[in-house]
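Text of the file coords.cif, holding mmCIF, C-alpha atoms, pLDDT in the B column; chains and numbers go by the auth columns:
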```cif
data_data
#
loop_
_atom_site.group_PDB
_atom_site.id
_atom_site.type_symbol
_atom_site.label_atom_id
_atom_site.label_comp_id
_atom_site.label_asym_id
_atom_site.label_seq_id
_atom_site.Cartn_x
_atom_site.Cartn_y
_atom_site.Cartn_z
_atom_site.B_iso_or_equiv
_atom_site.auth_seq_id
_atom_site.auth_asym_id
ATOM 1 C CA MET A 1 58.916 66.946 92.742 95.00 161 A
ATOM 2 C CA LYS A 2 61.834 68.875 91.308 95.00 162 A
ATOM 3 C CA ILE A 3 64.485 68.281 88.624 96.00 163 A
ATOM 4 C CA CYS A 4 68.098 68.448 89.815 97.00 164 A
ATOM 5 C CA LYS A 5 70.135 70.983 87.850 96.00 165 A
ATOM 6 C CA GLU A 6 73.203 68.726 87.949 96.00 166 A
ATOM 7 C CA CYS A 7 72.022 65.140 87.343 97.00 167 A
ATOM 8 C CA GLU A 8 68.764 66.211 85.657 97.00 168 A
ATOM 9 C CA ILE A 9 66.730 63.556 87.492 97.00 169 A
ATOM 10 C CA GLU A 10 63.333 64.394 88.952 97.00 170 A
ATOM 11 C CA LYS A 11 63.306 63.745 92.698 97.00 171 A
ATOM 12 C CA PRO A 12 60.991 64.533 95.640 96.00 172 A
ATOM 13 C CA MET A 13 61.610 67.749 97.607 96.00 173 A
ATOM 14 C CA THR A 14 62.985 65.710 100.537 96.00 174 A
ATOM 15 C CA GLU A 15 66.009 64.979 98.322 97.00 175 A
ATOM 16 C CA TYR A 16 67.000 68.668 98.288 97.00 176 A
ATOM 17 C CA TYR A 17 68.596 70.793 100.994 97.00 177 A
ATOM 18 C CA ALA A 18 66.588 73.745 102.289 97.00 178 A
ATOM 19 C CA HIS A 19 67.729 77.105 100.901 96.00 179 A
ATOM 20 C CA LYS A 20 65.633 80.095 101.866 95.00 180 A
ATOM 21 C CA GLU A 21 66.863 82.281 99.000 95.00 181 A
ATOM 22 C CA MET A 22 65.570 79.902 96.311 95.00 182 A
ATOM 23 C CA ALA A 23 62.028 80.469 95.035 94.00 183 A
ATOM 24 C CA ASP A 24 60.728 77.109 96.289 94.00 184 A
ATOM 25 C CA GLY A 25 62.870 77.163 99.466 96.00 185 A
ATOM 26 C CA HIS A 26 65.194 74.348 98.335 97.00 186 A
ATOM 27 C CA LEU A 27 68.567 74.195 96.586 97.00 187 A
ATOM 28 C CA ASN A 28 68.432 73.437 92.857 95.00 188 A
ATOM 29 C CA LYS A 29 70.869 70.477 93.180 97.00 189 A
ATOM 30 C CA CYS A 30 69.889 67.232 94.915 97.00 190 A
ATOM 31 C CA LYS A 31 71.602 66.082 98.113 98.00 191 A
ATOM 32 C CA SER A 32 73.540 63.279 96.405 97.00 192 A
ATOM 33 C CA CYS A 33 74.957 65.657 93.765 97.00 193 A
ATOM 34 C CA VAL A 34 75.926 68.177 96.441 98.00 194 A
ATOM 35 C CA ARG A 35 77.593 65.468 98.556 98.00 195 A
ATOM 36 C CA HIS A 36 79.491 64.189 95.517 97.00 196 A
ATOM 37 C CA ARG A 37 80.706 67.692 94.615 97.00 197 A
ATOM 38 C CA VAL A 38 81.764 68.360 98.212 97.00 198 A
ATOM 39 C CA SER A 39 83.695 65.058 98.461 97.00 199 A
ATOM 40 C CA ILE A 40 85.590 65.869 95.243 97.00 200 A
ATOM 41 C CA ASN A 41 86.408 69.346 96.560 97.00 201 A
ATOM 42 C CA LEU A 42 87.688 67.864 99.840 96.00 202 A
ATOM 43 C CA LYS A 43 89.937 65.403 97.991 96.00 203 A
ATOM 44 C CA ASN A 44 91.290 68.073 95.638 97.00 204 A
ATOM 45 C CA ASN A 45 91.984 70.541 98.473 97.00 205 A
ATOM 46 C CA ALA A 46 92.857 68.154 101.322 95.00 206 A
ATOM 47 C CA ASP A 47 95.959 70.084 102.421 95.00 207 A
ATOM 48 C CA TYR A 48 94.045 73.355 102.627 97.00 208 A
ATOM 49 C CA TYR A 49 91.230 71.860 104.733 96.00 209 A
ATOM 50 C CA LYS A 50 93.652 69.986 106.989 94.00 210 A
ATOM 51 C CA GLU A 51 95.534 73.211 107.741 96.00 211 A
ATOM 52 C CA TYR A 52 92.274 75.154 108.160 97.00 212 A
ATOM 53 C CA ASP A 53 90.917 72.590 110.623 96.00 213 A
ATOM 54 C CA LYS A 54 94.175 72.602 112.570 94.00 214 A
ATOM 55 C CA LYS A 55 94.167 76.406 112.906 97.00 215 A
ATOM 56 C CA ARG A 56 90.476 76.428 113.821 97.00 216 A
ATOM 57 C CA ALA A 57 90.919 73.726 116.472 97.00 217 A
ATOM 58 C CA ASN A 58 93.703 75.739 118.108 97.00 218 A
ATOM 59 C CA LEU A 59 91.724 78.967 118.462 98.00 219 A
ATOM 60 C CA PRO A 60 91.749 79.948 122.157 98.00 220 A
ATOM 61 C CA HIS A 61 87.980 79.775 122.646 98.00 221 A
ATOM 62 C CA ARG A 62 87.874 76.262 121.112 98.00 222 A
ATOM 63 C CA VAL A 63 90.764 75.000 123.254 97.00 223 A
ATOM 64 C CA GLU A 64 89.016 76.366 126.343 98.00 224 A
ATOM 65 C CA ALA A 65 85.689 74.830 125.297 98.00 225 A
ATOM 66 C CA ARG A 66 87.337 71.395 124.950 97.00 226 A
ATOM 67 C CA LYS A 67 88.948 71.704 128.385 97.00 227 A
ATOM 68 C CA THR A 68 85.624 72.719 129.910 98.00 228 A
ATOM 69 C CA TYR A 69 83.784 69.874 128.153 98.00 229 A
ATOM 70 C CA LEU A 70 86.278 67.260 129.391 97.00 230 A
ATOM 71 C CA LYS A 71 85.479 68.294 132.973 97.00 231 A
ATOM 72 C CA THR A 72 81.769 67.584 132.521 98.00 232 A
ATOM 73 C CA GLU A 73 80.214 64.149 133.062 98.00 233 A
ATOM 74 C CA ALA A 74 79.522 63.861 129.324 97.00 234 A
ATOM 75 C CA GLY A 75 83.162 64.710 128.565 97.00 235 A
ATOM 76 C CA LYS A 76 84.477 62.179 131.072 98.00 236 A
ATOM 77 C CA LEU A 77 82.175 59.521 129.639 98.00 237 A
ATOM 78 C CA ALA A 78 83.245 60.350 126.058 98.00 238 A
ATOM 79 C CA ARG A 79 86.931 60.104 126.991 97.00 239 A
ATOM 80 C CA LYS A 80 86.341 56.797 128.773 97.00 240 A
ATOM 81 C CA LYS A 81 84.423 55.419 125.779 98.00 241 A
ATOM 82 C CA ALA A 82 87.164 56.549 123.351 97.00 242 A
ATOM 83 C CA HIS A 83 89.813 54.869 125.510 95.00 243 A
ATOM 84 C CA GLN A 84 87.781 51.657 125.619 96.00 244 A
ATOM 85 C CA ASN A 85 87.312 51.713 121.833 96.00 245 A
ATOM 86 C CA TYR A 86 91.070 52.216 121.385 93.00 246 A
ATOM 87 C CA LYS A 87 91.819 49.187 123.568 94.00 247 A
ATOM 88 C CA GLU A 88 89.330 47.062 121.620 96.00 248 A
ATOM 89 C CA ASN A 89 90.402 48.220 118.154 96.00 249 A
ATOM 90 C CA TYR A 90 94.169 48.104 118.716 93.00 250 A
ATOM 91 C CA PRO A 91 94.895 45.302 121.214 95.00 251 A
ATOM 92 C CA LEU A 92 98.461 44.662 119.985 95.00 252 A
ATOM 93 C CA ARG A 93 99.369 48.327 120.115 93.00 253 A
ATOM 94 C CA LYS A 94 97.910 48.746 123.604 94.00 254 A
ATOM 95 C CA ALA A 95 99.669 45.606 124.873 95.00 255 A
ATOM 96 C CA ALA A 96 103.006 46.840 123.465 96.00 256 A
ATOM 97 C CA GLN A 97 102.534 50.220 125.176 95.00 257 A
ATOM 98 C CA ILE A 98 101.840 48.538 128.514 96.00 258 A
ATOM 99 C CA ILE A 99 104.853 46.231 128.173 97.00 259 A
ATOM 100 C CA VAL A 100 107.146 49.197 127.406 97.00 260 A
ATOM 101 C CA GLY A 101 105.724 51.191 130.326 96.00 261 A
ATOM 102 C CA ASN A 102 106.291 48.269 132.705 98.00 262 A
ATOM 103 C CA ALA A 103 109.821 47.709 131.367 97.00 263 A
ATOM 104 C CA ILE A 104 110.690 51.381 131.924 96.00 264 A
ATOM 105 C CA ARG A 105 109.206 51.255 135.430 97.00 265 A
ATOM 106 C CA ASP A 106 111.138 48.052 136.260 97.00 266 A
ATOM 107 C CA GLY A 107 114.424 49.409 134.848 96.00 267 A
ATOM 108 C CA LYS A 108 114.608 46.841 132.032 95.00 268 A
ATOM 109 C CA LEU A 109 114.305 49.578 129.409 95.00 269 A
ATOM 110 C CA LYS A 110 115.790 53.061 129.666 95.00 270 A
ATOM 111 C CA LYS A 111 113.896 55.997 128.196 94.00 271 A
ATOM 112 C CA GLN A 112 116.034 57.917 125.705 95.00 272 A
ATOM 113 C CA PHE A 113 115.941 61.076 123.630 96.00 273 A
ATOM 114 C CA CYS A 114 114.795 61.302 120.001 95.00 274 A
ATOM 115 C CA PHE A 115 117.571 59.853 117.884 92.00 275 A
ATOM 116 C CA ILE A 116 116.793 62.400 115.127 93.00 276 A
ATOM 117 C CA CYS A 117 116.637 65.718 116.992 95.00 277 A
ATOM 118 C CA GLY A 118 117.569 64.934 120.609 94.00 278 A
ATOM 119 C CA LYS A 119 114.283 66.084 122.230 95.00 279 A
ATOM 120 C CA ASN A 120 112.267 64.131 124.803 95.00 280 A
ATOM 121 C CA ALA A 121 111.028 60.980 123.124 96.00 281 A
ATOM 122 C CA GLN A 122 108.302 58.355 122.997 95.00 282 A
ATOM 123 C CA ALA A 123 108.741 54.670 122.228 96.00 283 A
ATOM 124 C CA HIS A 124 107.885 53.884 118.608 95.00 284 A
ATOM 125 C CA HIS A 125 107.152 50.261 117.740 93.00 285 A
ATOM 126 C CA PRO A 126 108.106 49.304 114.174 92.00 286 A
ATOM 127 C CA ASP A 127 106.523 45.916 114.985 92.00 287 A
ATOM 128 C CA TYR A 128 103.953 45.514 117.776 92.00 288 A
ATOM 129 C CA LEU A 129 104.783 41.802 118.005 94.00 289 A
ATOM 130 C CA LYS A 130 108.215 42.836 119.325 95.00 290 A
ATOM 131 C CA PRO A 131 107.130 45.219 122.113 95.00 291 A
ATOM 132 C CA LEU A 132 110.591 45.902 123.560 95.00 292 A
ATOM 133 C CA ASP A 133 112.154 46.569 120.156 95.00 293 A
ATOM 134 C CA VAL A 134 111.513 50.317 120.030 95.00 294 A
ATOM 135 C CA MET A 135 112.876 53.461 118.385 95.00 295 A
ATOM 136 C CA TRP A 136 112.904 56.623 120.474 96.00 296 A
ATOM 137 C CA LEU A 137 111.228 59.514 118.652 96.00 297 A
ATOM 138 C CA CYS A 138 109.918 62.940 119.727 95.00 298 A
ATOM 139 C CA VAL A 139 106.205 63.609 119.135 94.00 299 A
ATOM 140 C CA LYS A 140 106.881 65.349 115.801 94.00 300 A
ATOM 141 C CA HIS A 141 109.069 62.600 114.360 94.00 301 A
ATOM 142 C CA HIS A 142 106.834 59.888 115.827 93.00 302 A
ATOM 143 C CA ASN A 143 103.798 61.341 114.037 92.00 303 A
ATOM 144 C CA GLU A 144 105.771 61.732 110.807 92.00 304 A
ATOM 145 C CA THR A 145 106.902 58.105 110.999 90.00 305 A
ATOM 146 C CA HIS A 146 103.333 56.888 111.458 86.00 306 A
ATOM 147 C CA ALA A 147 102.148 59.076 108.586 87.00 307 A
ATOM 148 C CA LEU A 148 104.738 57.402 106.344 86.00 308 A
ATOM 149 C CA THR A 149 103.837 53.871 107.476 77.00 309 A
ATOM 150 C CA LYS A 150 100.057 54.319 107.493 67.00 310 A
ATOM 151 C CA GLY A 151 98.486 51.069 106.416 51.00 311 A
ATOM 152 C CA ASN A 152 101.213 49.042 108.127 50.00 312 A
ATOM 153 C CA SER A 153 101.654 48.725 111.867 46.00 313 A
ATOM 154 C CA TYR A 154 99.747 51.885 112.787 44.00 314 A
ATOM 155 C CA ALA A 155 96.552 51.205 110.893 43.00 315 A
ATOM 156 C CA LYS A 156 93.541 49.490 112.428 44.00 316 A
ATOM 157 C CA PRO A 157 93.755 45.733 111.863 44.00 317 A
ATOM 158 C CA ASN A 158 91.199 44.137 109.510 39.00 318 A
#
```

Encoded form (structure tokens):
Amino acid sequence: MKICKECEIEKPMTEYYAHKEMADGHLNKCKSCVRHRVSINLKNNADYYKEYDKKRANLPHRVEARKTYLKTEAGKLARKKAHQNYKENYPLRKAAQIIVGNAIRDGKLKKQFCFICGKNAQAHHPDYLKPLDVMWLCVKHHNETHALTKGNSYAKPN
């Protein structure tokens, strides 16, 4: 048993992270206090960690590792499972994407350039119940639009 330095509650040693530099081999703050402190830090510094993660993910050795992993059986299975989960979690979105793809293929809908910057564009659905009513946005502006409307059409349905 050990008393947490933060919450001052006596807890069993299993409630503390291992820390070889401490006298008893465990951190002096319990796991729940550490998790709480970390979650507050993440919320207060969200922009920093988002940028850090983005830079880290784009390091050459990490990009190469992802490409290599996707060629393995485990990588192929993970991609297939993620695709299946997407179809199950967002049926309206997936249906709208298929309808737009078929309409483009059949010549009923013409692919256009981003109406903001003029680059190659993707179809953005303001309303998935109207699959052919689309705005043409480049990847950057499409992502920005979804970031602004998070909780509306882009969010996972309840």

Fill in the blank from the handout: Restricting to all atoms listed in the file, whichever of A:Lys279, A:Arg197, A:Arg253, A:Lys162 is closest to Leu292 (chain A) is A:Arg253

Produce the centre coordinates and the three edge lengths, each in Å to one decimal, of the box along x, y and z that contains all listed atoms of region 235-240 of chain A with 4 Å added on each side, as JSON.
```
{"center_x": 84.6, "center_y": 60.8, "center_z": 128.6, "size_x": 12.8, "size_y": 15.9, "size_z": 13.0}
```

Fill in the blank from the handout: From the list A:Tyr176, A:Trp296, A:Tyr288, A:Phe275, the nearest residue to Leu252 (chain A) using only C-alpha atoms is A:Tyr288

Fill in the blank from the handout: One decimal place gives the CA of Phe273 (chain A)-CA of Val299 (chain A) separation as 11.0 Å

I need the output of the PyMOL selection byres ((chain A and resi 191) around 7) for this file as a tab-separated table (two decimals) with C-alpha atoms, in the coordinates of the input; which residues are they?
```tsv
chain	number	residue	atom	x	y	z
A	175	GLU	CA	66.01	64.98	98.32
A	176	TYR	CA	67.00	68.67	98.29
A	177	TYR	CA	68.60	70.79	100.99
A	189	LYS	CA	70.87	70.48	93.18
A	190	CYS	CA	69.89	67.23	94.92
A	192	SER	CA	73.54	63.28	96.40
A	193	CYS	CA	74.96	65.66	93.76
A	194	VAL	CA	75.93	68.18	96.44
A	195	ARG	CA	77.59	65.47	98.56
```

Handout entry: Shell around Met295 (chain A) at 9 Å using all atoms listed in the file, local window under 6 positions removed, as a PyMOL selection string
Key = chain A and resi 274-275+282-286

Problem - Residue nearest Ala238 (chain A) among A:Arg226, A:Ile259, A:Asn280, A:Thr309 (counting all atoms listed in the file) - result: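 Among A:Arg226, A:Ile259, A:Asn280, A:Thr309, it is A:Arg226 that comes nearest to Ala238 (chain A).
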
Practice task
May I ask for the distance between CA of Lys290 (chain A) and CA of Ile276 (chain A), given in Å to one decimal place?
Solution key: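 CA of Ile276 (chain A) lies at a distance of 21.8 Å from CA of Lys290 (chain A).
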
Exercise for the section: Dump as a ChimeraX atom specification all residues having an atom at most 10 Å from (63.8, 69.4, 90.5), computed in the file's coordinates with only C-alpha atoms. Expected result: /A:161-173,175-176,186-190

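CA of Pro251 (chain A) sits 11.0 Å away from CA of Leu289 (chain A).
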
Output of region 234-309 of chain A limited to C-alpha atoms, as a PDB file, in the first residue's frame:
```
ATOM      1  CA  ALA A 234      -2.052  -7.915 -41.298  1.00  0.00           C
ATOM      2  CA  GLY A 235      -2.045  -4.517 -43.030  1.00  0.00           C
ATOM      3  CA  LYS A 236      -4.418  -5.685 -45.754  1.00  0.00           C
ATOM      4  CA  LEU A 237      -6.743  -7.156 -43.137  1.00  0.00           C
ATOM      5  CA  ALA A 238      -6.636  -3.943 -41.058  1.00  0.00           C
ATOM      6  CA  ARG A 239      -7.471  -1.818 -44.108  1.00  0.00           C
ATOM      7  CA  LYS A 240     -10.324  -4.149 -45.051  1.00  0.00           C
ATOM      8  CA  LYS A 241     -11.694  -4.063 -41.493  1.00  0.00           C
ATOM      9  CA  ALA A 242     -11.465  -0.240 -41.369  1.00  0.00           C
ATOM     10  CA  HIS A 243     -13.322   0.010 -44.685  1.00  0.00           C
ATOM     11  CA  GLN A 244     -16.028  -2.345 -43.422  1.00  0.00           C
ATOM     12  CA  ASN A 245     -16.397  -0.341 -40.195  1.00  0.00           C
ATOM     13  CA  TYR A 246     -16.707   2.870 -42.236  1.00  0.00           C
ATOM     14  CA  LYS A 247     -19.498   1.360 -44.342  1.00  0.00           C
ATOM     15  CA  GLU A 248     -21.339   0.194 -41.218  1.00  0.00           C
ATOM     16  CA  ASN A 249     -20.897   3.415 -39.236  1.00  0.00           C
ATOM     17  CA  TYR A 250     -21.672   5.862 -42.052  1.00  0.00           C
ATOM     18  CA  PRO A 251     -24.195   4.194 -44.391  1.00  0.00           C
ATOM     19  CA  LEU A 252     -25.684   7.472 -45.684  1.00  0.00           C
ATOM     20  CA  ARG A 253     -22.285   8.945 -46.430  1.00  0.00           C
ATOM     21  CA  LYS A 254     -21.116   5.795 -48.216  1.00  0.00           C
ATOM     22  CA  ALA A 255     -24.337   5.580 -50.250  1.00  0.00           C
ATOM     23  CA  ALA A 256     -23.986   9.244 -51.296  1.00  0.00           C
ATOM     24  CA  GLN A 257     -20.378   8.638 -52.386  1.00  0.00           C
ATOM     25  CA  ILE A 258     -21.420   5.654 -54.499  1.00  0.00           C
ATOM     26  CA  ILE A 259     -24.298   7.572 -56.098  1.00  0.00           C
ATOM     27  CA  VAL A 260     -21.972  10.470 -57.011  1.00  0.00           C
ATOM     28  CA  GLY A 261     -19.358   8.075 -58.410  1.00  0.00           C
ATOM     29  CA  ASN A 262     -21.984   6.333 -60.555  1.00  0.00           C
ATOM     30  CA  ALA A 263     -23.402   9.672 -61.742  1.00  0.00           C
ATOM     31  CA  ILE A 264     -19.931  10.852 -62.794  1.00  0.00           C
ATOM     32  CA  ARG A 265     -19.284   7.543 -64.567  1.00  0.00           C
ATOM     33  CA  ASP A 266     -22.661   7.714 -66.370  1.00  0.00           C
ATOM     34  CA  GLY A 267     -22.179  11.372 -67.382  1.00  0.00           C
ATOM     35  CA  LYS A 268     -25.093  12.639 -65.269  1.00  0.00           C
ATOM     36  CA  LEU A 269     -22.733  14.685 -63.099  1.00  0.00           C
ATOM     37  CA  LYS A 270     -19.608  16.469 -64.305  1.00  0.00           C
ATOM     38  CA  LYS A 271     -16.586  16.657 -62.025  1.00  0.00           C
ATOM     39  CA  GLN A 272     -15.481  20.256 -61.486  1.00  0.00           C
ATOM     40  CA  PHE A 273     -12.678  22.222 -59.881  1.00  0.00           C
ATOM     41  CA  CYS A 274     -12.728  23.661 -56.351  1.00  0.00           C
ATOM     42  CA  PHE A 275     -14.968  26.704 -56.442  1.00  0.00           C
ATOM     43  CA  ILE A 276     -12.718  28.432 -53.864  1.00  0.00           C
ATOM     44  CA  CYS A 277      -9.211  27.953 -55.273  1.00  0.00           C
ATOM     45  CA  GLY A 278      -9.662  26.228 -58.647  1.00  0.00           C
ATOM     46  CA  LYS A 279      -7.680  23.039 -57.845  1.00  0.00           C
ATOM     47  CA  ASN A 280      -8.831  19.473 -58.523  1.00  0.00           C
ATOM     48  CA  ALA A 281     -11.876  18.832 -56.379  1.00  0.00           C
ATOM     49  CA  GLN A 282     -13.908  16.243 -54.506  1.00  0.00           C
ATOM     50  CA  ALA A 283     -17.676  16.169 -54.117  1.00  0.00           C
ATOM     51  CA  HIS A 284     -18.765  17.579 -50.759  1.00  0.00           C
ATOM     52  CA  HIS A 285     -22.258  16.704 -49.554  1.00  0.00           C
ATOM     53  CA  PRO A 286     -23.861  19.395 -47.379  1.00  0.00           C
ATOM     54  CA  ASP A 287     -26.729  16.902 -46.939  1.00  0.00           C
ATOM     55  CA  TYR A 288     -26.235  13.154 -47.466  1.00  0.00           C
ATOM     56  CA  LEU A 289     -29.971  12.751 -48.097  1.00  0.00           C
ATOM     57  CA  LYS A 290     -29.461  14.751 -51.311  1.00  0.00           C
ATOM     58  CA  PRO A 291     -26.553  12.783 -52.828  1.00  0.00           C
ATOM     59  CA  LEU A 292     -26.372  14.644 -56.151  1.00  0.00           C
ATOM     60  CA  ASP A 293     -26.495  18.078 -54.518  1.00  0.00           C
ATOM     61  CA  VAL A 294     -22.747  18.569 -54.087  1.00  0.00           C
ATOM     62  CA  MET A 295     -20.186  21.355 -53.736  1.00  0.00           C
ATOM     63  CA  TRP A 296     -16.836  20.837 -55.431  1.00  0.00           C
ATOM     64  CA  LEU A 297     -13.948  21.397 -53.016  1.00  0.00           C
ATOM     65  CA  CYS A 298     -10.218  20.567 -53.085  1.00  0.00           C
ATOM     66  CA  VAL A 299      -8.921  18.311 -50.290  1.00  0.00           C
ATOM     67  CA  LYS A 300      -7.818  21.293 -48.170  1.00  0.00           C
ATOM     68  CA  HIS A 301     -11.113  23.168 -48.386  1.00  0.00           C
ATOM     69  CA  HIS A 302     -13.108  19.941 -48.055  1.00  0.00           C
ATOM     70  CA  ASN A 303     -11.345  19.119 -44.777  1.00  0.00           C
ATOM     71  CA  GLU A 304     -11.793  22.687 -43.532  1.00  0.00           C
ATOM     72  CA  THR A 305     -15.511  22.552 -44.327  1.00  0.00           C
ATOM     73  CA  HIS A 306     -15.930  19.306 -42.401  1.00  0.00           C
ATOM     74  CA  ALA A 307     -13.964  20.714 -39.470  1.00  0.00           C
ATOM     75  CA  LEU A 308     -16.404  23.642 -39.342  1.00  0.00           C
ATOM     76  CA  THR A 309     -19.502  21.426 -39.580  1.00  0.00           C
TER      77      THR A 309
END
```
